Amino acid sequence: DSDTKSQHLDIEFIARTIKNRYTLGAEFNRAEDNGVESKNNSLGYVKYDHFFNKKFYGYSNVLLEKDKFKDINLRTALGLGAGYQFVEGEEMNLSGEAGLSYINEDFIVAPDEGYPTGRWAINFDRFLIKKSLQFFHFHEGFVSFEDTEDILIRSRTGIANK
């Protein structure tokens with residue numbers, strides 16, 4: 001017999017004016033298998049985009065992450081860069097970004113690290129059924145300037161029922 005309990009929360013808030021976009025989000029995961037904790041992580045992020053024209057924008061972002069099972073007490077990523085909004089509308093959105101970030105990793109056991117990185121991101125969503133069923137894909141990557149084999153990738157793909 002198996003007794004599995006899990007909790008998951010994924011929330012994102014986006015506010016948009018003509019010149020500015022504000023994004024605030026959080027993810028939370030906990031799981032237990034037969035009374036033994038098997039997952040314990042959380043993530044929070046804030047992003048500000050300033051549009052110079054209808055498509056081109058500059059951004060600043062902060063990412064905070066904890067993951068007990070990956071030995072991460074707190075990973076902080078601070079970044080600046082530029083983005084391009086290829087499509088923006090009620091039915092579909094597509095943007096791409098590139099910039100510079102600094103990652104600081106406070107580990108539970110391992111020695112702490114800090115290093116500059118390059119950052120890229122793709123954000124896409126499209127309604128499959130108007131205002132009801134939406135496909136989404138978000139991909140964000142960081143590559144260390146000190147060791148190009150040190151790469152961090154976050155990706156989310158799925159279907160949301162709005």
# chains A, B, ... in the order shown; residues from 1 in each chain; ligands from 1
call {"tool": "select_by_dssp", "arguments": {"residues": "range 95-145 of chain A", "states": "strand (DSSP E)", "output": "VMD selection string"}}
result
chain A and resid 95 to 107 113 to 129 133 to 144
call {"tool": "write_last_selection", "arguments": {"atoms": "C-alpha atoms", "output": "short mmCIF file (atom, residue, chain, number, x, y, z; two decimals), in the first residue's frame"}}
result
data_model
loop_
_atom_site.label_atom_id
_atom_site.label_comp_id
_atom_site.auth_asym_id
_atom_site.auth_seq_id
_atom_site.Cartn_x
_atom_site.Cartn_y
_atom_site.Cartn_z
CA SER A 95 7.55 37.21 -26.12
CA GLY A 96 11.30 36.59 -26.02
CA GLU A 97 13.93 38.04 -23.69
CA ALA A 98 17.69 38.17 -23.23
CA GLY A 99 19.77 39.83 -20.55
CA LEU A 100 22.24 39.63 -17.69
CA SER A 101 21.63 38.22 -14.22
CA TYR A 102 23.51 37.53 -11.04
CA ILE A 103 22.73 34.32 -9.16
CA ASN A 104 23.53 33.85 -5.48
CA GLU A 105 23.06 30.33 -4.08
CA ASP A 106 22.88 29.78 -0.34
CA PHE A 107 23.10 26.01 0.11
CA GLU A 113 28.13 30.28 -4.65
CA GLY A 114 27.54 33.49 -6.57
CA TYR A 115 28.12 34.11 -10.26
CA PRO A 116 27.12 36.31 -13.22
CA THR A 117 24.96 34.72 -15.94
CA GLY A 118 23.33 35.34 -19.26
CA ARG A 119 19.54 34.88 -19.21
CA TRP A 120 17.05 34.04 -21.94
CA ALA A 121 13.30 33.44 -21.78
CA ILE A 122 10.38 32.54 -24.06
CA ASN A 123 6.78 33.04 -22.93
CA PHE A 124 3.90 31.72 -25.06
CA ASP A 125 0.21 31.13 -24.50
CA ARG A 126 -2.73 30.51 -26.82
CA PHE A 127 -6.37 29.74 -26.23
CA LEU A 128 -7.40 26.43 -27.78
CA ILE A 129 -11.04 27.06 -26.91
CA LEU A 133 -8.91 26.21 -22.50
CA GLN A 134 -5.42 27.70 -22.82
CA PHE A 135 -2.09 26.11 -23.79
CA PHE A 136 0.96 27.75 -22.16
CA HIS A 137 4.72 27.37 -22.34
CA PHE A 138 7.33 29.31 -20.36
CA HIS A 139 11.03 28.61 -20.66
CA GLU A 140 13.78 30.49 -18.80
CA GLY A 141 17.48 29.71 -18.85
CA PHE A 142 20.60 30.99 -17.12
CA VAL A 143 24.14 30.14 -18.24
CA SER A 144 27.10 31.02 -16.00
#
call {"tool": "residues_around", "arguments": {"residues": "Gln85 in chain A", "least_positions_apart": "2", "cutoff": "8 Å", "atoms": "only C-alpha atoms", "output": "NGL selection string"}}
result
:A and (54-57 or 83 or 87-88 or 93-96)
call {"tool": "write_last_selection", "arguments": {"atoms": "N, CA and C atoms", "output": "compact mmCIF listing (two decimals), in the first residue's frame"}}
result
# COMPACT_ATOMS: atom_id res chain seq x y z
N LYS A 54 5.59 49.73 -28.93
CA LYS A 54 4.57 48.68 -28.82
C LYS A 54 5.15 47.27 -28.62
N LYS A 55 6.36 47.01 -29.13
CA LYS A 55 6.93 45.67 -29.11
C LYS A 55 8.17 45.51 -28.22
N PHE A 56 9.02 46.53 -28.17
CA PHE A 56 10.33 46.43 -27.51
C PHE A 56 10.26 46.95 -26.07
N TYR A 57 10.82 46.18 -25.12
CA TYR A 57 10.79 46.59 -23.72
C TYR A 57 12.09 46.21 -23.00
N GLY A 83 13.47 42.75 -24.00
CA GLY A 83 12.52 41.78 -24.53
C GLY A 83 11.80 42.32 -25.74
N VAL A 87 3.75 38.93 -30.25
CA VAL A 87 2.29 38.94 -30.36
C VAL A 87 1.73 39.23 -28.97
N GLU A 88 0.71 40.08 -28.90
CA GLU A 88 0.05 40.34 -27.63
C GLU A 88 -1.43 40.57 -27.89
N ASN A 93 -0.27 35.16 -26.99
CA ASN A 93 0.84 36.02 -26.59
C ASN A 93 2.15 35.27 -26.82
N LEU A 94 3.16 36.00 -27.31
CA LEU A 94 4.49 35.43 -27.50
C LEU A 94 5.52 36.53 -27.29
N SER A 95 6.46 36.27 -26.35
CA SER A 95 7.55 37.21 -26.12
C SER A 95 8.85 36.45 -25.95
N GLY A 96 9.96 37.14 -26.22
CA GLY A 96 11.30 36.59 -26.02
C GLY A 96 12.15 37.62 -25.30
call {"tool": "residues_around", "arguments": {"residues": "range 21-29 of chain A", "least_positions_apart": "2", "cutoff": "6 Å", "atoms": "only C-alpha atoms", "output": "list in words"}}
result
Gln7, His8, Leu9, Asp10, Ile11, Glu12, Phe13, Ile14, Ala15, Arg16, Asn40, Asn41, Ser42, Leu43, Gly44, Tyr45, Val46, Lys47, Tyr48 and Asp49 of chain A
call {"tool": "atom_distance", "arguments": {"atom1": "CA of Asn161 in chain A", "atom2": "CA of Ser38 in chain A"}}
result
28.0 Å
call {"tool": "residues_around", "arguments": {"residues": "Asp3 in chain A", "least_positions_apart": "3", "cutoff": "8 Å", "atoms": "only C-alpha atoms", "output": "ChimeraX atom specification"}}
result
/A:33-35
call {"tool": "write_last_selection", "arguments": {"atoms": "all heavy atoms", "output": "PDB file, in the first residue's frame"}}
result
ATOM      1  N   ASP A  33       5.257  10.686   1.122  1.00  0.00           N
ATOM      2  CA  ASP A  33       4.998   9.294   0.748  1.00  0.00           C
ATOM      3  C   ASP A  33       5.132   8.436   1.987  1.00  0.00           C
ATOM      4  O   ASP A  33       6.214   8.354   2.578  1.00  0.00           O
ATOM      5  CB  ASP A  33       5.974   8.816  -0.332  1.00  0.00           C
ATOM      6  CG  ASP A  33       5.766   9.528  -1.664  1.00  0.00           C
ATOM      7  OD1 ASP A  33       4.599   9.736  -2.021  1.00  0.00           O
ATOM      8  OD2 ASP A  33       6.771   9.875  -2.305  1.00  0.00           O
ATOM      9  N   ASN A  34       4.042   7.784   2.373  1.00  0.00           N
ATOM     10  CA  ASN A  34       4.028   6.921   3.565  1.00  0.00           C
ATOM     11  C   ASN A  34       4.606   7.621   4.799  1.00  0.00           C
ATOM     12  O   ASN A  34       5.414   7.057   5.532  1.00  0.00           O
ATOM     13  CB  ASN A  34       4.754   5.604   3.298  1.00  0.00           C
ATOM     14  CG  ASN A  34       4.035   4.774   2.255  1.00  0.00           C
ATOM     15  OD1 ASN A  34       2.812   4.703   2.247  1.00  0.00           O
ATOM     16  ND2 ASN A  34       4.794   4.166   1.359  1.00  0.00           N
ATOM     17  N   GLY A  35       4.231   8.891   4.979  1.00  0.00           N
ATOM     18  CA  GLY A  35       4.672   9.644   6.145  1.00  0.00           C
ATOM     19  C   GLY A  35       6.054  10.249   6.049  1.00  0.00           C
ATOM     20  O   GLY A  35       6.510  10.895   6.981  1.00  0.00           O
TER      21      GLY A  35
END
